[in-house]
>>> print(open('final_38.cif').read())   # mmCIF, C-alpha atoms
data_start
#
loop_
_atom_site.label_atom_id
_atom_site.label_comp_id
_atom_site.auth_asym_id
_atom_site.auth_seq_id
_atom_site.Cartn_x
_atom_site.Cartn_y
_atom_site.Cartn_z
CA MET A 1340 -12.05 11.20 -24.74
CA CYS A 1341 -9.42 8.59 -24.03
CA GLU A 1342 -10.30 8.41 -20.36
CA ARG A 1343 -13.95 8.02 -21.27
CA LYS A 1344 -13.12 4.99 -23.39
CA LEU A 1345 -11.01 3.49 -20.65
CA SER A 1346 -13.77 3.80 -18.08
CA GLU A 1347 -16.10 2.07 -20.53
CA ALA A 1348 -13.62 -0.80 -20.50
CA VAL A 1349 -14.62 -1.44 -16.88
CA ARG A 1350 -17.81 -3.45 -16.41
CA ILE A 1351 -19.68 -3.62 -13.12
CA VAL A 1352 -21.75 -6.80 -13.20
CA GLU A 1353 -24.68 -6.87 -10.80
CA ARG A 1354 -25.60 -10.21 -9.25
CA ARG A 1355 -28.40 -8.93 -7.02
CA GLU A 1356 -30.72 -5.96 -6.96
CA ILE A 1357 -28.98 -2.79 -5.81
CA PRO A 1358 -30.99 -0.76 -3.29
CA ALA A 1359 -31.72 2.89 -4.11
CA ASN A 1360 -30.27 5.68 -1.90
CA ALA A 1361 -27.63 3.33 -0.51
CA LYS A 1362 -24.56 4.36 1.40
CA MET A 1363 -21.38 2.95 -0.06
CA ILE A 1364 -18.15 2.33 1.86
CA HIS A 1365 -14.92 1.97 -0.10
CA GLY A 1366 -11.88 0.02 1.09
CA LEU A 1367 -9.18 -0.15 -1.56
CA PRO A 1368 -5.50 -1.01 -0.99
CA ASP A 1369 -3.42 1.99 0.01
CA VAL A 1370 -1.02 2.96 2.83
CA GLY A 1371 -1.22 0.58 5.80
CA LEU A 1372 -4.05 -1.26 3.99
CA VAL A 1373 -6.29 0.65 6.39
CA GLY A 1374 -9.35 0.64 4.12
CA VAL A 1375 -9.04 -3.04 3.15
CA ILE A 1376 -8.63 -4.20 6.76
CA ALA A 1377 -11.57 -2.04 7.89
CA VAL A 1378 -14.00 -3.17 5.19
CA SER A 1379 -12.95 -6.85 5.48
CA GLN A 1380 -13.97 -6.61 9.10
CA ILE A 1381 -17.28 -4.96 8.21
CA ILE A 1382 -18.08 -7.51 5.48
CA SER A 1383 -17.27 -10.53 7.66
CA GLN A 1384 -18.88 -9.31 10.88
CA LEU A 1385 -22.08 -8.20 9.15
CA LYS A 1386 -22.03 -11.35 6.96
CA MET A 1387 -22.58 -9.24 3.85
CA VAL A 1388 -23.11 -10.93 0.47
CA GLU A 1389 -21.63 -10.18 -2.94
CA VAL A 1390 -24.04 -8.01 -4.93
CA ALA A 1391 -21.78 -7.00 -7.83
CA TYR A 1392 -18.31 -7.51 -9.20
CA LEU A 1393 -15.97 -5.70 -11.42
CA ASP A 1394 -14.63 -6.99 -14.70
CA SER A 1395 -12.03 -5.34 -16.91
CA ASP A 1396 -9.36 -6.18 -19.44
CA LEU A 1397 -7.23 -3.48 -17.83
CA ILE A 1398 -6.45 -5.44 -14.68
CA PRO A 1399 -4.03 -8.40 -14.53
CA PRO A 1400 -5.50 -11.82 -15.48
CA ILE A 1401 -6.26 -12.86 -11.92
CA ILE A 1402 -9.14 -14.45 -10.06
CA VAL A 1403 -9.55 -15.25 -6.38
CA LEU A 1404 -10.67 -18.75 -5.42
CA HIS A 1405 -13.09 -19.04 -2.53
CA ASN A 1406 -14.29 -22.57 -1.75
CA GLY A 1407 -12.93 -23.69 -5.10
CA LEU A 1408 -14.90 -21.18 -7.16
CA PRO A 1409 -13.59 -18.14 -9.06
CA HIS A 1410 -14.37 -14.58 -8.00
CA SER A 1411 -13.36 -11.17 -9.27
CA PRO A 1412 -10.74 -9.63 -6.98
CA ILE A 1413 -12.70 -6.36 -6.90
CA ARG A 1414 -16.22 -6.78 -5.58
CA ILE A 1415 -19.17 -4.95 -4.05
CA PHE A 1416 -20.92 -6.48 -1.04
CA GLY A 1417 -24.30 -5.44 0.28
CA GLN A 1418 -26.77 -5.68 3.12
CA ASP A 1419 -29.97 -3.61 3.29
CA ASP A 1420 -28.99 -0.11 2.15
CA LEU A 1421 -25.28 -0.53 2.84
CA LEU A 1422 -22.80 -1.31 0.03
CA VAL A 1423 -19.11 -2.05 0.50
CA LEU A 1424 -16.41 -1.99 -2.20
CA ILE A 1425 -13.29 -4.08 -1.58
CA SER A 1426 -10.28 -5.24 -3.56
CA GLU A 1427 -8.34 -8.38 -2.70
CA ILE A 1428 -5.42 -7.38 -4.93
CA ALA A 1429 -3.17 -4.36 -5.20
CA ILE A 1430 -4.70 -2.20 -7.92
CA PRO A 1431 -2.27 -1.26 -10.71
CA ALA A 1432 -1.63 2.49 -10.43
CA GLY A 1433 -2.47 3.03 -14.11
CA PHE A 1434 -5.87 1.41 -13.66
CA LEU A 1435 -7.04 3.62 -10.78
CA GLN A 1436 -8.48 6.40 -12.92
CA PRO A 1437 -10.68 4.27 -15.23
CA LEU A 1438 -11.70 2.15 -12.24
CA MET A 1439 -12.74 5.07 -10.06
CA ARG A 1440 -14.54 6.79 -12.95
CA ALA A 1441 -16.51 3.60 -13.58
CA ILE A 1442 -17.35 3.24 -9.88
CA VAL A 1443 -18.49 6.86 -9.59
CA ASP A 1444 -20.57 6.58 -12.81
CA TRP A 1445 -22.13 3.43 -11.36
CA MET A 1446 -22.85 5.12 -8.00
CA ASP A 1447 -24.48 7.99 -9.88
CA GLU A 1448 -26.62 5.60 -11.94
CA LYS A 1449 -27.68 3.68 -8.80
CA GLY A 1450 -28.44 6.86 -6.87
CA VAL A 1451 -25.96 6.14 -4.09
CA GLU A 1452 -26.66 8.76 -1.44
CA THR A 1453 -23.24 8.99 0.24
CA ALA A 1454 -19.86 7.41 -0.48
CA ILE A 1455 -17.40 7.03 2.36
CA SER A 1456 -13.88 5.98 1.48
CA LEU A 1457 -11.73 4.56 4.27
CA GLY A 1458 -7.95 4.82 4.27
CA GLY A 1459 -4.81 5.97 5.97
CA ILE A 1460 -2.51 8.93 6.01
CA ALA A 1461 1.11 7.80 6.28
CA THR A 1462 2.67 9.25 9.41
CA PRO A 1463 6.44 8.81 9.85
CA ASN A 1464 6.32 8.57 13.67
CA ARG A 1465 3.34 6.19 13.64
CA GLN A 1466 5.15 3.78 15.96
CA ASN A 1467 4.98 6.32 18.78
CA ILE A 1468 1.27 7.05 18.34
CA GLU A 1469 -0.98 5.16 20.74
CA SER A 1470 -4.37 6.13 19.26
CA PRO A 1471 -4.28 7.19 15.62
CA LYS A 1472 -6.19 10.38 14.83
CA VAL A 1473 -8.68 10.40 11.98
CA PHE A 1474 -9.00 13.19 9.44
CA GLY A 1475 -11.67 13.79 6.84
CA ALA A 1476 -12.05 15.44 3.46
CA GLY A 1477 -15.18 15.89 1.38
CA SER A 1478 -16.44 16.29 -2.18
CA ASN A 1479 -18.95 19.10 -1.50
CA GLU A 1480 -20.27 21.46 1.16
CA LEU A 1481 -22.69 18.85 2.50
CA SER A 1482 -19.87 16.39 3.14
CA LEU A 1483 -17.88 19.07 4.99
CA LYS A 1484 -21.00 19.90 7.04
CA ILE A 1485 -21.29 16.22 8.03
CA LEU A 1486 -17.63 16.14 9.08
CA ARG A 1487 -18.03 19.32 11.14
CA GLU A 1488 -21.20 18.03 12.84
CA LYS A 1489 -19.44 14.80 13.79
CA GLU A 1490 -16.40 16.76 14.99
CA ILE A 1491 -14.02 14.95 12.64
CA ASN A 1492 -10.87 16.98 11.90
CA ILE A 1493 -11.00 18.31 8.34
CA MET A 1494 -7.87 18.16 6.19
CA LYS A 1495 -7.87 21.73 5.00
CA ARG A 1496 -4.84 21.84 2.71
CA GLY A 1497 -2.39 19.36 1.29
CA PHE A 1498 -2.21 16.66 -1.35
CA LEU A 1499 -4.08 13.38 -1.64
CA VAL A 1500 -2.89 10.70 -4.06
CA GLY A 1501 -4.67 7.51 -5.05
CA SER A 1502 -8.20 6.10 -4.98
CA GLN A 1503 -9.39 8.42 -2.20
CA ALA A 1504 -8.20 11.45 -4.16
CA LEU A 1505 -10.09 10.28 -7.25
CA ILE A 1506 -13.31 9.43 -5.46
CA LEU A 1507 -13.49 12.96 -4.06
CA HIS A 1508 -12.60 14.50 -7.40
CA TYR A 1509 -15.07 12.54 -9.54
CA CYS A 1510 -17.86 12.77 -6.94
CA ALA A 1511 -17.31 16.55 -6.78
CA GLU A 1512 -17.85 16.66 -10.58
CA LYS A 1513 -21.20 14.91 -10.22
CA ASP A 1514 -22.10 16.55 -6.89
CA ILE A 1515 -22.29 13.19 -5.12
CA THR A 1516 -21.66 13.52 -1.39
CA ALA A 1517 -18.40 11.69 -0.73
CA ILE A 1518 -16.24 11.64 2.36
CA ALA A 1519 -12.71 10.31 2.70
CA LEU A 1520 -11.75 9.24 6.22
CA LEU A 1521 -8.02 8.80 6.81
CA ALA A 1522 -6.43 7.48 10.00
CA GLN A 1523 -2.78 8.11 10.86
CA SER A 1524 -1.06 4.93 9.75
CA PHE A 1525 2.13 3.14 8.79
CA TYR A 1526 3.14 3.57 5.15
CA ASN A 1527 4.00 -0.01 4.25
CA TYR A 1528 2.91 -2.09 7.25
CA PRO A 1529 -0.67 -3.36 7.58
CA ASP A 1530 -2.19 -1.24 10.33
CA PRO A 1531 -5.16 -2.83 12.13
CA GLU A 1532 -5.14 -0.12 14.85
CA ALA A 1533 -5.58 2.58 12.20
CA ALA A 1534 -8.38 0.46 10.66
CA ALA A 1535 -10.11 0.29 14.06
CA ALA A 1536 -9.79 4.08 14.41
CA VAL A 1537 -11.30 4.68 10.99
CA ILE A 1538 -14.21 2.29 11.74
CA SER A 1539 -14.94 4.27 14.91
CA ALA A 1540 -15.02 7.52 12.91
CA LEU A 1541 -17.21 5.87 10.25
CA ASN A 1542 -19.64 4.85 12.98
CA GLN A 1543 -20.29 8.48 13.79
CA ILE A 1544 -21.52 9.02 10.23
CA VAL A 1545 -23.09 5.65 9.33
CA LYS A 1546 -24.00 3.19 12.07
CA VAL A 1547 -22.12 -0.01 11.28
CA PRO A 1548 -22.45 -2.49 14.16
CA VAL A 1549 -18.89 -3.81 14.07
CA ASN A 1550 -16.85 -4.80 17.09
CA VAL A 1551 -13.40 -3.22 16.72
CA SER A 1552 -11.95 -4.94 19.80
CA GLU A 1553 -12.08 -8.22 17.87
CA LEU A 1554 -9.99 -6.58 15.13
CA LEU A 1555 -7.48 -5.25 17.66
CA GLU A 1556 -7.19 -8.64 19.38
CA LYS A 1557 -6.24 -10.40 16.16
CA GLY A 1558 -3.93 -7.56 15.08
CA GLU A 1559 -0.87 -9.81 14.70
CA GLU A 1560 -2.78 -12.31 12.59
CA VAL A 1561 -4.05 -9.51 10.34
CA ARG A 1562 -0.51 -8.16 9.92
CA LEU A 1563 0.79 -11.60 8.96
CA ARG A 1564 -2.03 -12.32 6.50
CA MET A 1565 -1.77 -8.93 4.81
CA ARG A 1566 2.00 -9.12 4.16
CA ASP A 1567 1.86 -10.07 0.49
CA ILE A 1568 -0.87 -7.65 -0.60
CA MET A 1569 0.97 -4.91 1.34
CA ARG A 1570 4.19 -5.70 -0.54
CA ARG A 1571 2.44 -5.43 -3.89
CA THR A 1572 0.48 -2.35 -2.86
CA GLN A 1573 3.75 -0.68 -1.89
CA SER A 1574 5.12 -0.96 -5.42
CA GLU A 1575 1.91 0.58 -6.80
CA LEU A 1576 2.21 3.42 -4.24
CA VAL A 1577 5.67 4.16 -5.61
CA ARG A 1578 4.29 4.14 -9.18
CA MET A 1579 1.51 6.62 -8.30
CA ARG A 1580 4.02 8.83 -6.42
CA LYS A 1581 2.16 8.54 -3.15
CA SER A 1582 5.00 10.32 -1.38
CA GLN A 1583 3.65 13.60 -2.78
CA GLU A 1584 1.23 13.49 0.14
CA TYR A 1585 4.21 14.45 2.33
CA ASP A 1586 4.78 17.60 0.26
CA ILE A 1587 4.04 20.99 1.74
CA PRO A 1588 1.70 22.94 -0.53
CA HIS A 1589 3.12 26.10 -2.07
CA TYR A 1590 1.43 29.49 -2.43
CA TYR A 1591 -2.26 29.66 -1.77
CA VAL A 1592 -4.46 29.43 -4.85
CA ALA A 1593 -8.09 29.63 -3.78
CA MET B 1121 37.07 13.71 -39.05
CA TRP B 1122 34.75 10.85 -39.89
CA PRO B 1123 35.48 7.50 -38.32
CA GLU B 1124 36.41 4.68 -40.62
CA ARG B 1125 33.68 2.15 -41.15
CA GLY B 1126 33.90 -0.72 -38.75
CA ASP B 1127 35.87 1.19 -36.15
CA GLU B 1128 33.57 0.27 -33.27
CA ASN B 1129 35.23 2.39 -30.60
CA THR B 1130 35.17 5.54 -32.66
CA MET B 1131 31.58 4.82 -33.70
CA ARG B 1132 30.56 4.52 -30.07
CA ARG B 1133 31.98 7.94 -29.29
CA ARG B 1134 29.86 9.50 -32.01
CA ARG B 1135 26.51 8.57 -30.49
CA SER B 1136 23.78 11.17 -30.77
CA ILE B 1137 21.98 12.43 -27.68
CA PHE B 1138 19.01 10.24 -28.70
CA ASP B 1139 21.21 7.14 -28.66
CA ILE B 1140 22.40 8.06 -25.21
CA ILE B 1141 18.84 8.54 -23.98
CA ARG B 1142 17.75 5.27 -25.60
CA GLU B 1143 20.65 3.38 -24.05
CA TYR B 1144 19.94 4.96 -20.71
CA MET B 1145 16.27 3.96 -20.97
CA GLU B 1146 17.21 0.40 -21.93
CA GLU B 1147 19.54 0.18 -18.98
CA PHE B 1148 16.83 1.57 -16.74
CA GLU B 1149 14.33 -0.97 -18.05
CA ARG B 1150 16.80 -3.81 -17.49
CA ALA B 1151 17.41 -2.62 -13.93
CA THR B 1152 13.66 -2.33 -13.33
CA GLU B 1153 13.06 -5.82 -14.65
CA GLU B 1154 15.84 -7.14 -12.45
CA VAL B 1155 14.20 -5.58 -9.42
CA LEU B 1156 10.81 -6.87 -10.50
CA SER B 1157 12.08 -10.39 -11.13
CA ALA B 1158 13.58 -10.44 -7.64
CA PHE B 1159 10.17 -9.35 -6.46
CA GLU B 1160 8.43 -12.16 -8.32
CA GLN B 1161 9.51 -14.66 -5.71
CA PRO B 1162 7.43 -16.01 -2.87
CA SER B 1163 7.71 -14.17 0.42
CA TRP B 1164 8.22 -17.53 2.16
CA ASN B 1165 10.87 -20.23 2.15
CA LEU B 1166 9.82 -23.83 2.71
CA GLU B 1167 13.35 -25.11 3.32
CA THR B 1168 14.13 -22.71 6.14
CA HIS B 1169 10.49 -22.51 7.32
CA SER B 1170 10.86 -18.75 7.26
CA LEU B 1171 8.85 -15.76 6.10
CA GLN B 1172 10.30 -12.59 4.66
CA PRO B 1173 9.17 -9.64 6.75
CA LEU B 1174 8.01 -6.30 5.39
CA PHE B 1175 10.73 -3.74 5.95
CA ASN B 1176 11.45 -0.11 5.40
CA ILE B 1177 14.65 1.92 5.10
CA SER B 1178 14.96 5.65 5.63
CA VAL B 1179 18.13 7.67 5.37
CA THR B 1180 18.65 10.88 7.33
CA ALA B 1181 21.69 13.14 7.45
CA ASP B 1182 23.10 11.16 10.42
CA GLU B 1183 21.72 7.67 10.27
CA VAL B 1184 20.04 4.88 8.38
CA ILE B 1185 16.85 3.71 10.06
CA VAL B 1186 15.71 0.20 9.20
CA THR B 1187 12.37 -1.03 10.50
CA ALA B 1188 10.73 -4.42 10.04
CA ASP B 1189 7.21 -5.60 10.79
CA LEU B 1190 7.52 -8.84 12.78
CA PRO B 1191 4.09 -9.99 13.98
CA TYR B 1192 4.24 -12.96 16.40
CA ALA B 1193 8.03 -12.52 16.77
CA ASP B 1194 9.51 -13.58 20.09
CA PRO B 1195 11.63 -10.60 21.20
CA LYS B 1196 14.11 -12.89 23.01
CA THR B 1197 15.06 -14.56 19.72
CA LEU B 1198 15.63 -11.39 17.71
CA LYS B 1199 19.02 -11.33 15.98
CA ILE B 1200 20.44 -8.47 13.97
CA GLU B 1201 23.77 -9.06 12.29
CA SER B 1202 25.88 -6.85 10.12
CA VAL B 1203 26.94 -9.07 7.22
CA ASP B 1204 29.10 -6.35 5.71
CA GLU B 1205 28.93 -2.59 5.68
CA ASN B 1206 26.15 -2.61 3.10
CA LEU B 1207 24.02 -5.46 4.37
CA ILE B 1208 22.28 -6.41 7.59
CA GLU B 1209 20.53 -9.65 8.41
CA ILE B 1210 17.47 -9.87 10.61
CA THR B 1211 16.16 -13.12 12.05
CA ALA B 1212 13.51 -13.87 14.67
CA LYS B 1213 11.59 -16.93 15.79
CA MET B 1214 7.82 -16.68 15.92
CA ARG B 1215 5.80 -17.50 19.03
CA VAL B 1216 3.45 -19.59 16.89
CA LYS B 1217 3.82 -21.87 13.88
CA VAL B 1218 1.71 -20.98 10.88
CA ARG B 1219 0.77 -23.37 8.14
CA PHE B 1220 -0.66 -22.72 4.68
CA GLU B 1221 -3.80 -24.39 5.96
CA ASP B 1222 -4.20 -21.61 8.54
CA PHE B 1223 -4.62 -19.22 5.61
CA GLY B 1224 -7.19 -21.50 3.98
CA VAL B 1225 -4.67 -22.69 1.34
CA SER B 1226 -5.05 -26.44 0.76
CA HIS B 1227 -2.89 -26.89 -2.36
CA ARG B 1228 0.43 -26.16 -0.62
CA GLU B 1229 2.03 -27.79 2.35
CA GLY B 1230 4.48 -26.37 4.83
CA GLU B 1231 4.80 -24.44 8.02
CA PHE B 1232 6.66 -21.32 9.04
CA SER B 1233 8.18 -20.51 12.38
CA SER B 1234 10.59 -17.63 11.81
CA PHE B 1235 11.35 -14.41 9.97
CA HIS B 1236 14.46 -13.99 7.92
CA SER B 1237 15.64 -11.14 5.76
CA ARG B 1238 18.85 -9.67 4.39
CA ILE B 1239 18.46 -5.96 3.90
CA PRO B 1240 20.85 -4.00 1.65
CA LEU B 1241 21.79 -0.59 3.03
CA PRO B 1242 21.91 2.34 0.61
CA VAL B 1243 24.88 4.15 2.24
CA PRO B 1244 27.89 3.01 4.35
CA VAL B 1245 27.22 2.78 8.10
CA ASP B 1246 29.10 2.14 11.31
CA ALA B 1247 27.22 -0.96 12.44
CA SER B 1248 29.23 -1.26 15.67
CA ARG B 1249 27.42 1.83 17.01
CA ALA B 1250 23.93 0.71 15.89
CA LYS B 1251 21.01 0.67 18.34
CA ALA B 1252 17.89 -1.43 18.08
CA SER B 1253 14.49 -1.43 19.77
CA PHE B 1254 11.41 -3.62 19.45
CA ARG B 1255 8.02 -2.11 20.17
CA ARG B 1256 4.56 -3.43 19.37
CA GLY B 1257 5.93 -6.02 16.97
CA ILE B 1258 8.05 -3.57 15.01
CA LEU B 1259 11.83 -3.70 15.05
CA GLU B 1260 13.73 -0.47 14.62
CA VAL B 1261 17.49 -0.45 13.96
CA ARG B 1262 19.31 2.88 13.89
CA LEU B 1263 22.71 2.73 12.21
CA PRO B 1264 24.95 5.82 12.31
CA ARG B 1265 26.26 6.78 8.89
CA ARG B 1266 29.98 6.48 8.29
CA ARG B 1267 31.66 9.88 8.66
CA GLY B 1268 34.48 11.16 6.47
CA TYR B 1269 36.81 14.14 6.93
CA ARG B 1270 35.57 17.51 7.97
CA ILE B 1271 36.21 20.18 5.33
CA ARG B 1272 37.17 23.55 6.69
CA VAL B 1273 35.27 26.61 5.38
CA GLU B 1274 37.71 29.41 4.72
#
>>> encode(input="final_38.cif", output="structure tokens")
Amino acid sequence: MCERKLSEAVRIVERREIPANAKMIHGLPDVGLVGVIAVSQIISQLKMVEVAYLDSDLIPPIIVLHNGLPHSPIRIFGQDDLLVLISEIAIPAGFLQPLMRAIVDWMDEKGVETAISLGGIATPNRQNIESPKVFGAGSNELSLKILREKEINIMKRGFLVGSQALILHYCAEKDITAIALLAQSFYNYPDPEAAAAVISALNQIVKVPVNVSELLEKGEEVRLRMRDIMRRTQSELVRMRKSQEYDIPHYYVA
Amino acid sequence: MWPERGDENTMRRRRSIFDIIREYMEEFERATEEVLSAFEQPSWNLETHSLQPLFNISVTADEVIVTADLPYADPKTLKIESVDENLIEITAKMRVKVRFEDFGVSHREGEFSSFHSRIPLPVPVDASRAKASFRRGILEVRLPRRRGYRIRVE
């Protein structure tokens, strides 16, 4: 009941018509900012436009100025039948559930065909990994079938914490096909190489004409620019107990 | 034996478990706020033209591993100093100068050309035996933990 009320406290305001049967890519701040870096690249290279934004009393009183005008820090961009969700701020851990419920309700209402959430899986020896591997998890049998067809390693057991966990959970409830793609990444350093790896995996599922070599070339610049949002995201990761993803699952409960 | 009214010390000893929990929570909140207020500072310093790098500390049974993300750092200028046994200082010059303008910010002025951070260590270390490496823009310092006496098992 309470959760229901909270999700109603999140408004998604549409600025343009939302196409039916769209595919929606999510890039919210998490380990290595993998999702945010990946979707920023997609939005800027495809020159996508803002189609909707999120408004809620539950997030801090903050706006982002672009060319002197205010914007919501959490927005949805679009082009043809592709939608992209991005946040320019670290999302307070306590706000993730109402936010993700509202997003999933909205996707259901708009008839979004597939949701693909991009992110990272913190890997302690990341520094010694040349090409990060990408793993996938799904909300239903169809999403697992897609992962198998595209030969993306499926995360069979273990814990997921954060927005990617919630998107799979809430989409499973509504039988929306959702896929989480997670590249091996640093925990608290912006990881453009992991973002490039996750874009390549995404491209096997949804064709997104994005040049990842450009992202890799400006890796240092990305790491410098993302320092502050990474710092703030890190404190939210502590609050949501992200480290539980390192835990080894106990006895098997099917 | 009831304490006499006004006897502060005796009164303090007679706290209930709830008082202890409340005091503990208050102390915890104060400590959290202290950490948060330290956090509510910019990650840059205009006077020293320096940026604070992102860093990470992990503690194993044998060592403390400190890493720092130093994009654009010139490896030749990297300096790691042990300030005391609980604190190390990392500085590095950057290969480029960055200005607020480069980030599209027009309401602040200033440029940055180095990284600077003082990192508190959670356990005592022997900094004289520390080793450091710098790969792909990430500094890694491995500091052996201070050893005590070995206790014999009988």
>>> resolve_selection(input="final_38.cif", expression="the PyMOL selection byres ((chain A and resi 1387) around 12)", output="list of chain:residue names")
A:Val1378, A:Ser1379, A:Gln1380, A:Ile1381, A:Ile1382, A:Ser1383, A:Gln1384, A:Leu1385, A:Lys1386, A:Val1388, A:Glu1389, A:Val1390, A:Ala1391, A:Arg1414, A:Ile1415, A:Phe1416, A:Gly1417, A:Gln1418, A:Asp1419, A:Asp1420, A:Leu1421, A:Leu1422, A:Val1423, A:Leu1424, A:Ile1425, A:Val1547
>>> closest_residue(input="final_38.cif", among="B:Gly1224, B:Gly1268, B:Pro1195, B:Gly1230", to="Leu1171 (chain B)", atoms="all atoms listed in the file")
B:Gly1230
>>> interface_residues(input="final_38.cif", of="chain A", to="chain B", cutoff="12 Å", atoms="only C-alpha atoms", output="ChimeraX atom specification")
/A:1371,1403-1407,1463-1469,1525-1532,1557-1574
>>> resolve_selection(input="final_38.cif", expression="the PyMOL selection byres ((chain A and resi 1481) around 10)", output="VMD selection string")
chain A and resid 1477 to 1480 1482 to 1487 1514 to 1518
>>> closest_residue(input="final_38.cif", among="B:Val1261, B:Ile1185, B:Phe1232, B:Arg1266", to="Pro1244 (chain B)", atoms="all atoms listed in the file")
B:Arg1266
>>> atom_distance(input="final_38.cif", atom1="CA of Ser1237 (chain B)", atom2="CA of Pro1264 (chain B)")
20.4 Å
>>> closest_residue(input="final_38.cif", among="B:Thr1187, B:Arg1219, B:Val1203, B:His1236", to="Phe1254 (chain B)", atoms="all atoms listed in the file")
B:Thr1187
>>> build_atoms(input="final_38.cif", residues="region 1229-1241 of chain B", atoms="N, CA, C and O atoms", output="PDB file, keeping the file's coordinate frame")
ATOM      1  N   GLU B1229       1.770 -27.264   1.010  1.00  0.00           N
ATOM      2  CA  GLU B1229       2.030 -27.790   2.350  1.00  0.00           C
ATOM      3  C   GLU B1229       3.282 -27.137   2.914  1.00  0.00           C
ATOM      4  O   GLU B1229       4.218 -26.847   2.173  1.00  0.00           O
ATOM      5  N   GLY B1230       3.291 -26.942   4.199  1.00  0.00           N
ATOM      6  CA  GLY B1230       4.480 -26.370   4.830  1.00  0.00           C
ATOM      7  C   GLY B1230       4.093 -25.493   5.996  1.00  0.00           C
ATOM      8  O   GLY B1230       2.951 -25.031   6.082  1.00  0.00           O
ATOM      9  N   GLU B1231       5.072 -25.333   6.896  1.00  0.00           N
ATOM     10  CA  GLU B1231       4.800 -24.440   8.020  1.00  0.00           C
ATOM     11  C   GLU B1231       5.969 -23.491   8.230  1.00  0.00           C
ATOM     12  O   GLU B1231       7.096 -23.756   7.816  1.00  0.00           O
ATOM     13  N   PHE B1232       5.668 -22.380   8.864  1.00  0.00           N
ATOM     14  CA  PHE B1232       6.660 -21.320   9.040  1.00  0.00           C
ATOM     15  C   PHE B1232       6.758 -20.961  10.511  1.00  0.00           C
ATOM     16  O   PHE B1232       5.743 -20.863  11.202  1.00  0.00           O
ATOM     17  N   SER B1233       8.007 -20.792  10.957  1.00  0.00           N
ATOM     18  CA  SER B1233       8.180 -20.510  12.380  1.00  0.00           C
ATOM     19  C   SER B1233       9.184 -19.390  12.643  1.00  0.00           C
ATOM     20  O   SER B1233       9.541 -19.144  13.783  1.00  0.00           O
ATOM     21  N   SER B1234       9.636 -18.724  11.572  1.00  0.00           N
ATOM     22  CA  SER B1234      10.590 -17.630  11.810  1.00  0.00           C
ATOM     23  C   SER B1234      10.526 -16.581  10.697  1.00  0.00           C
ATOM     24  O   SER B1234       9.920 -16.802   9.646  1.00  0.00           O
ATOM     25  N   PHE B1235      11.166 -15.460  10.987  1.00  0.00           N
ATOM     26  CA  PHE B1235      11.350 -14.410   9.970  1.00  0.00           C
ATOM     27  C   PHE B1235      12.814 -14.356   9.607  1.00  0.00           C
ATOM     28  O   PHE B1235      13.683 -14.539  10.472  1.00  0.00           O
ATOM     29  N   HIS B1236      13.079 -14.118   8.350  1.00  0.00           N
ATOM     30  CA  HIS B1236      14.460 -13.990   7.920  1.00  0.00           C
ATOM     31  C   HIS B1236      14.550 -13.017   6.759  1.00  0.00           C
ATOM     32  O   HIS B1236      13.796 -13.127   5.795  1.00  0.00           O
ATOM     33  N   SER B1237      15.455 -12.061   6.875  1.00  0.00           N
ATOM     34  CA  SER B1237      15.640 -11.140   5.760  1.00  0.00           C
ATOM     35  C   SER B1237      17.041 -10.555   5.747  1.00  0.00           C
ATOM     36  O   SER B1237      17.625 -10.302   6.803  1.00  0.00           O
ATOM     37  N   ARG B1238      17.584 -10.388   4.567  1.00  0.00           N
ATOM     38  CA  ARG B1238      18.850  -9.670   4.390  1.00  0.00           C
ATOM     39  C   ARG B1238      18.509  -8.355   3.731  1.00  0.00           C
ATOM     40  O   ARG B1238      17.888  -8.341   2.661  1.00  0.00           O
ATOM     41  N   ILE B1239      18.879  -7.270   4.382  1.00  0.00           N
ATOM     42  CA  ILE B1239      18.460  -5.960   3.900  1.00  0.00           C
ATOM     43  C   ILE B1239      19.675  -5.149   3.443  1.00  0.00           C
ATOM     44  O   ILE B1239      20.578  -4.868   4.237  1.00  0.00           O
ATOM     45  N   PRO B1240      19.725  -4.808   2.142  1.00  0.00           N
ATOM     46  CA  PRO B1240      20.850  -4.000   1.650  1.00  0.00           C
ATOM     47  C   PRO B1240      20.716  -2.549   2.114  1.00  0.00           C
ATOM     48  O   PRO B1240      19.621  -1.983   2.082  1.00  0.00           O
ATOM     49  N   LEU B1241      21.811  -1.973   2.559  1.00  0.00           N
ATOM     50  CA  LEU B1241      21.790  -0.590   3.030  1.00  0.00           C
ATOM     51  C   LEU B1241      22.259   0.340   1.918  1.00  0.00           C
ATOM     52  O   LEU B1241      23.218   0.027   1.226  1.00  0.00           O
TER      53      LEU B1241
END
